[in-house]
>>> print(open('coords17.pdb').read())   # PDB, C-alpha atoms
ATOM      1  CA  MET V 589     112.960 125.065  67.057
ATOM      2  CA  ALA V 590     114.241 123.845  70.438
ATOM      3  CA  GLU V 591     116.743 121.056  70.991
ATOM      4  CA  THR V 592     116.806 118.052  73.288
ATOM      5  CA  ASN V 593     120.140 116.225  73.516
ATOM      6  CA  GLY V 594     121.230 117.989  70.364
ATOM      7  CA  THR V 595     118.254 116.779  68.337
ATOM      8  CA  PRO V 596     116.042 119.582  67.031
ATOM      9  CA  LYS V 597     112.406 119.209  67.984
ATOM     10  CA  THR V 598     109.487 120.914  66.354
ATOM     11  CA  PRO V 599     106.929 122.751  68.495
ATOM     12  CA  ALA V 600     104.471 119.927  67.801
ATOM     13  CA  GLU V 601     106.982 117.313  68.995
ATOM     14  CA  LEU V 602     107.689 119.320  72.129
ATOM     15  CA  ALA V 603     103.983 119.666  72.847
ATOM     16  CA  ARG V 604     103.470 115.935  72.323
ATOM     17  CA  GLU V 605     106.373 115.042  74.633
ATOM     18  CA  ALA V 606     105.120 117.380  77.364
ATOM     19  CA  GLU V 607     101.625 115.943  77.132
ATOM     20  CA  PHE V 608     102.897 112.353  77.087
ATOM     21  CA  LEU V 609     105.022 112.935  80.194
ATOM     22  CA  SER V 610     102.157 114.643  81.974
ATOM     23  CA  ILE V 611      99.912 111.627  81.308
ATOM     24  CA  LYS V 612     102.698 109.196  82.246
ATOM     25  CA  CYS V 613     103.221 110.971  85.584
ATOM     26  CA  ASP V 614      99.508 110.649  86.289
ATOM     27  CA  GLU V 615      99.595 106.943  85.359
ATOM     28  CA  LEU V 616     102.522 106.402  87.732
ATOM     29  CA  ARG V 617     101.011 108.499  90.509
ATOM     30  CA  HIS V 618      97.778 106.493  90.304
ATOM     31  CA  ALA V 619      99.836 103.285  90.468
ATOM     32  CA  CYS V 620     101.837 104.490  93.511
ATOM     33  CA  LEU V 621      98.695 105.715  95.253
ATOM     34  CA  GLY V 622      97.009 102.398  94.523
ATOM     35  CA  PHE V 623      99.861 100.477  96.182
ATOM     36  CA  LEU V 624     100.043 102.856  99.151
ATOM     37  CA  ASP V 625      96.282 102.894  99.672
ATOM     38  CA  ASP V 626      96.349  99.098  99.666
ATOM     39  CA  GLY V 627      98.848  99.252 102.546
ATOM     40  CA  VAL V 628     101.933  98.237 100.558
ATOM     41  CA  THR V 629     105.211  99.438 102.085
ATOM     42  CA  SER V 630     108.865  99.036 101.191
ATOM     43  CA  PRO V 631     112.109  99.807 103.004
ATOM     44  CA  ASP V 632     113.176 101.550  99.812
ATOM     45  CA  VAL V 633     110.293 104.006  99.975
ATOM     46  CA  SER V 634     110.897 106.764 102.517
ATOM     47  CA  ALA V 635     108.380 108.982 104.272
ATOM     48  CA  ASP V 636     109.613 111.755 101.945
ATOM     49  CA  ASP V 637     108.800 109.563  98.943
ATOM     50  CA  VAL V 638     105.303 108.902 100.264
ATOM     51  CA  ALA V 639     104.793 112.612 100.899
ATOM     52  CA  PHE V 640     106.038 113.318  97.369
ATOM     53  CA  VAL V 641     103.542 110.860  95.879
ATOM     54  CA  ARG V 642     100.681 112.252  97.927
ATOM     55  CA  SER V 643     101.669 115.919  97.579
ATOM     56  CA  THR V 644     100.125 116.405  94.150
ATOM     57  CA  PRO V 645      96.889 114.680  93.193
ATOM     58  CA  PRO V 646      96.844 113.278  89.652
ATOM     59  CA  GLN V 647      95.479 115.815  87.169
ATOM     60  CA  ARG V 648      93.440 113.086  85.478
ATOM     61  CA  THR V 649      91.278 110.220  86.664
ATOM     62  CA  LEU V 650      92.484 106.771  85.624
ATOM     63  CA  GLU V 651      89.914 106.848  82.855
ATOM     64  CA  GLY V 652      91.315 110.250  81.879
ATOM     65  CA  VAL V 653      94.819 108.773  81.673
ATOM     66  CA  PHE V 654      93.762 106.207  79.091
ATOM     67  CA  ALA V 655      91.597 108.722  77.256
ATOM     68  CA  GLY V 656      94.662 110.996  77.194
ATOM     69  CA  TYR V 657      96.836 108.305  75.625
ATOM     70  CA  ARG V 658      94.136 107.647  73.031
ATOM     71  CA  LYS V 659      93.835 111.332  72.190
ATOM     72  CA  LEU V 660      97.599 111.656  71.876
ATOM     73  CA  ARG V 661      97.639 108.751  69.405
ATOM     74  CA  GLU V 662      94.656 109.860  67.368
ATOM     75  CA  ASP V 663      94.817 113.635  67.579
ATOM     76  CA  PRO V 664      98.298 114.760  68.633
ATOM     77  CA  PRO V 665      98.932 118.482  69.194
ATOM     78  CA  SER V 666      99.944 120.310  66.042
ATOM     79  CA  GLY V 667     101.863 123.004  67.912
ATOM     80  CA  LEU V 668     102.701 124.355  71.337
ATOM     81  CA  ILE V 669      99.663 124.507  73.592
ATOM     82  CA  ASN V 670     100.941 126.994  76.159
ATOM     83  CA  GLY V 671     104.132 129.027  76.416
ATOM     84  CA  THR V 672     107.301 129.302  74.403
ATOM     85  CA  PRO V 673     109.545 126.431  73.299
ATOM     86  CA  ASP V 674     111.919 127.213  76.183
ATOM     87  CA  GLN V 675     109.073 127.123  78.688
ATOM     88  CA  THR V 676     107.881 123.832  77.241
ATOM     89  CA  MET V 677     111.422 122.422  77.440
ATOM     90  CA  ALA V 678     111.591 123.435  81.106
ATOM     91  CA  LYS V 679     108.239 121.736  81.691
ATOM     92  CA  ILE V 680     109.479 118.586  79.972
ATOM     93  CA  GLU V 681     112.596 118.490  82.159
ATOM     94  CA  ALA V 682     110.533 118.927  85.323
ATOM     95  CA  LEU V 683     108.073 116.224  84.267
ATOM     96  CA  ALA V 684     110.915 113.857  83.338
ATOM     97  CA  GLY V 685     112.366 114.300  86.838
ATOM     98  CA  THR V 686     108.979 113.627  88.425
ATOM     99  CA  ARG V 687     108.536 110.554  86.256
ATOM    100  CA  GLU V 688     111.906 109.114  87.350
ATOM    101  CA  ARG V 689     111.113 109.560  91.036
ATOM    102  CA  LEU V 690     107.602 108.114  90.703
ATOM    103  CA  LYS V 691     109.015 105.217  88.696
ATOM    104  CA  ARG V 692     111.543 104.416  91.423
ATOM    105  CA  VAL V 693     108.777 104.429  94.051
ATOM    106  CA  MET V 694     106.500 102.316  91.848
ATOM    107  CA  PHE V 695     109.250  99.721  91.269
ATOM    108  CA  ALA V 696     110.014  99.513  94.994
ATOM    109  CA  LEU V 697     106.338  99.054  95.907
ATOM    110  CA  SER V 698     105.832  96.599  93.083
ATOM    111  CA  ASP V 699     108.864  94.576  94.211
ATOM    112  CA  ALA V 700     107.375  94.416  97.699
ATOM    113  CA  VAL V 701     104.375  92.472  96.402
ATOM    114  CA  GLU V 702     105.958  90.715  93.429
ATOM    115  CA  PRO V 703     109.687  90.215  94.101
ATOM    116  CA  TYR V 704     111.872  91.291  91.203
ATOM    117  CA  LYS V 705     113.161  88.180  89.463
ATOM    118  CA  PRO V 706     114.092  88.771  85.845
ATOM    119  CA  LEU V 707     113.210  86.080  83.351
ATOM    120  CA  THR V 708     116.098  84.116  81.934
ATOM    121  CA  GLU V 709     116.415  83.916  78.165
ATOM    122  CA  GLU V 710     115.316  80.271  78.420
ATOM    123  CA  GLU V 711     112.199  81.165  80.431
ATOM    124  CA  ALA V 712     111.403  83.885  77.917
ATOM    125  CA  ARG V 713     111.649  81.416  75.032
ATOM    126  CA  GLU V 714     109.340  78.999  76.872
ATOM    127  CA  MET V 715     106.828  81.782  77.434
ATOM    128  CA  MET V 716     106.972  82.826  73.793
ATOM    129  CA  THR V 717     106.356  79.305  72.514
ATOM    130  CA  ALA V 718     103.680  78.290  75.025
ATOM    131  CA  PRO V 719     100.278  77.394  73.548
ATOM    132  CA  GLN V 720      97.744  80.208  73.642
ATOM    133  CA  GLY V 721      95.434  79.936  76.622
ATOM    134  CA  GLU V 722      91.919  81.231  77.074
ATOM    135  CA  SER V 723      91.781  84.832  75.894
ATOM    136  CA  ILE V 724      91.626  87.475  78.618
ATOM    137  CA  PRO V 725      89.276  89.752  76.607
ATOM    138  CA  ASP V 726      86.924  86.745  76.246
ATOM    139  CA  ILE V 727      86.948  86.241  80.023
ATOM    140  CA  ILE V 728      86.276  89.955  80.508
ATOM    141  CA  ALA V 729      83.381  89.859  78.029
ATOM    142  CA  GLU V 730      81.905  86.801  79.771
ATOM    143  CA  LEU V 731      82.013  88.511  83.176
ATOM    144  CA  GLU V 732      80.647  91.787  81.821
ATOM    145  CA  LYS V 733      77.684  89.872  80.405
ATOM    146  CA  GLU V 734      77.207  88.138  83.745
ATOM    147  CA  ILE V 735      77.229  91.492  85.581
ATOM    148  CA  GLU V 736      74.826  93.002  83.071
ATOM    149  CA  GLU V 737      72.419  90.082  83.413
ATOM    150  CA  ALA V 738      72.627  90.232  87.210
ATOM    151  CA  GLY V 739      71.838  93.953  86.954
ATOM    152  CA  HIS V 740      68.746  93.235  84.888
ATOM    153  CA  VAL V 741      67.574  90.591  87.371
ATOM    154  CA  GLY V 742      68.385  92.682  90.422
TER     155      GLY V 742
ATOM    156  CA  MET H 844      93.738  92.850  63.662
ATOM    157  CA  SER H 845      94.863  96.282  62.491
ATOM    158  CA  ALA H 846      98.474  96.469  61.286
ATOM    159  CA  ASP H 847      99.398  98.930  63.990
ATOM    160  CA  ARG H 848      98.220  96.686  66.773
ATOM    161  CA  TYR H 849     100.028  93.962  68.683
ATOM    162  CA  ARG H 850      98.636  90.485  69.246
ATOM    163  CA  VAL H 851      98.373  89.877  72.982
ATOM    164  CA  ALA H 852      99.186  86.285  73.899
ATOM    165  CA  ASN H 853      98.879  84.488  77.204
ATOM    166  CA  ALA H 854      99.317  80.935  78.379
ATOM    167  CA  GLN H 855      96.442  79.118  80.095
ATOM    168  CA  GLU H 856      98.241  79.609  83.413
ATOM    169  CA  VAL H 857      97.814  83.386  83.005
ATOM    170  CA  ALA H 858      94.119  82.999  82.157
ATOM    171  CA  ASP H 859      93.736  80.857  85.276
ATOM    172  CA  GLN H 860      95.492  83.528  87.378
ATOM    173  CA  PHE H 861      93.121  86.088  85.935
ATOM    174  CA  ARG H 862      90.016  84.051  86.805
ATOM    175  CA  VAL H 863      91.299  83.570  90.362
ATOM    176  CA  ALA H 864      92.006  87.325  90.637
ATOM    177  CA  LEU H 865      88.520  88.219  89.443
ATOM    178  CA  GLY H 866      87.022  85.698  91.852
ATOM    179  CA  ILE H 867      88.800  87.530  94.674
ATOM    180  CA  ALA H 868      87.568  90.866  93.301
ATOM    181  CA  ARG H 869      84.025  89.508  93.266
ATOM    182  CA  GLU H 870      84.333  88.493  96.948
ATOM    183  CA  ARG H 871      85.624  91.965  97.793
ATOM    184  CA  GLY H 872      82.866  93.665  95.841
ATOM    185  CA  THR H 873      85.380  95.245  93.460
ATOM    186  CA  LEU H 874      84.692  93.161  90.360
ATOM    187  CA  PRO H 875      83.464  96.054  88.152
ATOM    188  CA  ARG H 876      86.585  98.104  88.989
ATOM    189  CA  ALA H 877      88.899  95.158  88.315
ATOM    190  CA  ILE H 878      87.197  94.461  84.981
ATOM    191  CA  ARG H 879      87.407  98.109  83.955
ATOM    192  CA  SER H 880      91.126  98.243  84.812
ATOM    193  CA  ALA H 881      91.814  95.013  82.954
ATOM    194  CA  LYS H 882      89.974  96.286  79.870
ATOM    195  CA  TRP H 883      92.060  99.472  79.794
ATOM    196  CA  MET H 884      95.190  97.429  80.290
ATOM    197  CA  TRP H 885      94.495  95.024  77.448
ATOM    198  CA  GLU H 886      93.667  97.898  75.139
ATOM    199  CA  GLU H 887      96.986  99.600  75.924
ATOM    200  CA  LEU H 888      98.881  96.302  75.603
ATOM    201  CA  ALA H 889      97.484  95.875  72.103
ATOM    202  CA  ARG H 890      98.052  99.493  71.099
ATOM    203  CA  THR H 891     101.241 100.775  72.700
ATOM    204  CA  PRO H 892     103.020  98.187  74.860
ATOM    205  CA  GLU H 893     106.252 100.131  74.345
ATOM    206  CA  GLN H 894     104.747 103.047  76.285
ATOM    207  CA  PHE H 895     102.375 101.396  78.709
ATOM    208  CA  GLY H 896     103.736 100.860  82.236
ATOM    209  CA  GLU H 897     107.487 101.040  82.744
ATOM    210  CA  SER H 898     110.448  99.140  81.349
ATOM    211  CA  ARG H 899     112.251  96.720  83.658
ATOM    212  CA  TYR H 900     114.768  95.007  81.411
ATOM    213  CA  TYR H 901     115.536  93.753  77.911
ATOM    214  CA  LEU H 902     116.421  90.206  76.892
ATOM    215  CA  PRO H 903     118.588  90.577  73.770
ATOM    216  CA  ASN H 904     118.520  86.980  72.556
ATOM    217  CA  ALA H 905     114.743  86.732  72.829
ATOM    218  CA  GLU H 906     114.440  90.370  71.636
ATOM    219  CA  LEU H 907     111.947  90.873  74.431
ATOM    220  CA  HIS H 908     111.317  94.150  76.241
ATOM    221  CA  VAL H 909     109.923  93.313  79.685
ATOM    222  CA  ARG H 910     107.690  95.838  81.439
ATOM    223  CA  ILE H 911     105.340  96.077  84.387
ATOM    224  CA  ALA H 912     102.165  98.075  84.857
ATOM    225  CA  PHE H 913      99.738  98.520  87.700
ATOM    226  CA  VAL H 914      96.245  99.853  87.185
ATOM    227  CA  GLY H 915      94.635  99.403  90.556
ATOM    228  CA  PRO H 916      93.870  96.716  91.490
ATOM    229  CA  VAL H 917      95.400  94.793  88.560
ATOM    230  CA  PHE H 918      99.155  94.215  88.214
ATOM    231  CA  VAL H 919     100.646  92.870  84.993
ATOM    232  CA  LEU H 920     104.119  91.716  83.934
ATOM    233  CA  PHE H 921     104.545  91.476  80.173
ATOM    234  CA  GLY H 922     107.076  91.378  77.395
ATOM    235  CA  TYR H 923     106.751  92.650  73.869
ATOM    236  CA  HIS H 924     108.564  91.624  70.716
ATOM    237  CA  GLU H 925     108.623  94.650  68.487
ATOM    238  CA  SER H 926     109.262  93.130  65.067
ATOM    239  CA  ALA H 927     106.849  90.207  65.618
ATOM    240  CA  ARG H 928     104.224  92.642  66.991
ATOM    241  CA  ILE H 929     103.350  90.294  69.845
ATOM    242  CA  VAL H 930     102.856  90.968  73.538
ATOM    243  CA  PHE H 931     103.334  88.057  75.929
ATOM    244  CA  VAL H 932     101.607  88.421  79.268
ATOM    245  CA  ARG H 933     103.708  86.615  81.850
ATOM    246  CA  LYS H 934     101.735  87.279  84.991
ATOM    247  CA  ASN H 935      98.728  89.158  86.188
ATOM    248  CA  ARG H 936      97.347  89.401  89.657
ATOM    249  CA  LEU H 937      95.107  91.397  91.883
ATOM    250  CA  LEU H 938      96.403  93.624  94.656
ATOM    251  CA  PRO H 939      96.419  93.720  97.597
ATOM    252  CA  PRO H 940      97.469  90.084  97.944
TER     253      PRO H 940
END
>>> encode(input="coords17.pdb", output="structure tokens")
Amino acid sequence: MAETNGTPKTPAELAREAEFLSIKCDELRHACLGFLDDGVTSPDVSADDVAFVRSTPPQRTLEGVFAGYRKLREDPPSGLINGTPDQTMAKIEALAGTRERLKRVMFALSDAVEPYKPLTEEEAREMMTAPQGESIPDIIAELEKEIEEAGHVG
Amino acid sequence: MSADRYRVANAQEVADQFRVALGIARERGTLPRAIRSAKWMWEELARTPEQFGESRYYLPNAELHVRIAFVGPVFVLFGYHESARIVFVRKNRLLPP
């Protein structure tokens, strides 16, 4: 059994963490690529950062990212998939480092289009007590139906 | 609603933002992609808001974890209240502006 920060982890937990981080890095890389491909720039994102984002294509499509999260929830690994616990720990550390860098880039690009302005506690309370508006899934369903009908006509 | 799921709440202002965003997507010819991204997003918000996107800050009095996520071309800012099992969507928009 390997340890992370002094807490023993089972092989299954290590495998789950490695898989989660791998999916998370893909989610973040897709997000960064989406911003960059849309022409978003930030003074806090260097040419090295951009090269880092673009250097490794995501291992999964966006659909694969969400399918990966679903699989991890519904059918998590029961043991190590590849390698020894030490090798998996090393992989986790590398992925955690990649995640932190991608996260920093994603925040900087996100702030460039939606300036960072934390909610106050008062604003949060107002948001939490606001009346429910039209449901987003209902709007999605309405538009999907519209697209489907247009497809049948066209 | 299953016990392991969160209720995802939004004010009318957020629904209006969403309709505007999808109108823009329709003009750009990217409506199917925007709808697909939004569907994935809402599924993850209901299932695992504590993992989806990235954490920005925590408001201790409101007990609200605030996070952002971007699934091209849809950006969302949301907060989740763990014990109440509710996600509050604060803002969503389409990128690029």
>>> resolve_selection(input="coords17.pdb", expression="the PyMOL selection byres ((chain H) within 6 of (chain V))", output="NGL selection string")
:H and (853-855 or 858 or 913-915 or 939)
>>> residues_around(input="coords17.pdb", residues="Met884 in chain H", least_positions_apart="6", cutoff="10 Å", atoms="all atoms listed in the file", output="count of residues only")
12
>>> resolve_selection(input="coords17.pdb", expression="the PyMOL selection byres ((chain H and resi 860-863) around 9)", output="compact mmCIF listing (two decimals) with C-alpha atoms, keeping the file's coordinate frame")
# COMPACT_ATOMS: atom_id res chain seq x y z
CA ILE V 724 91.63 87.48 78.62
CA ILE V 727 86.95 86.24 80.02
CA GLN H 855 96.44 79.12 80.10
CA GLU H 856 98.24 79.61 83.41
CA VAL H 857 97.81 83.39 83.00
CA ALA H 858 94.12 83.00 82.16
CA ASP H 859 93.74 80.86 85.28
CA ALA H 864 92.01 87.32 90.64
CA LEU H 865 88.52 88.22 89.44
CA GLY H 866 87.02 85.70 91.85
CA ILE H 867 88.80 87.53 94.67
CA ALA H 868 87.57 90.87 93.30
CA LYS H 934 101.74 87.28 84.99
CA ASN H 935 98.73 89.16 86.19
CA ARG H 936 97.35 89.40 89.66
CA LEU H 937 95.11 91.40 91.88
>>> atom_distance(input="coords17.pdb", atom1="CA of Leu690 in chain V", atom2="CA of Ala606 in chain V")
16.4 Å
>>> atom_distance(input="coords17.pdb", atom1="CA of Leu907 in chain H", atom2="CA of Glu662 in chain V")
26.6 Å
>>> closest_residue(input="coords17.pdb", among="H:Glu870, H:His908, H:Ser926, H:Arg933", to="Tyr849 in chain H", atoms="only C-alpha atoms")
H:Ser926
>>> closest_residue(input="coords17.pdb", among="H:Pro875, H:Glu925, H:Arg869, H:Arg850", to="Glu736 in chain V", atoms="all atoms listed in the file")
H:Pro875
>>> closest_residue(input="coords17.pdb", among="V:Asp663, V:Glu605, V:Asp726, V:Glu688", to="Ala881 in chain H", atoms="all atoms listed in the file")
V:Asp726
>>> atom_distance(input="coords17.pdb", atom1="CA of Ala678 in chain V", atom2="CA of Lys597 in chain V")
13.8 Å
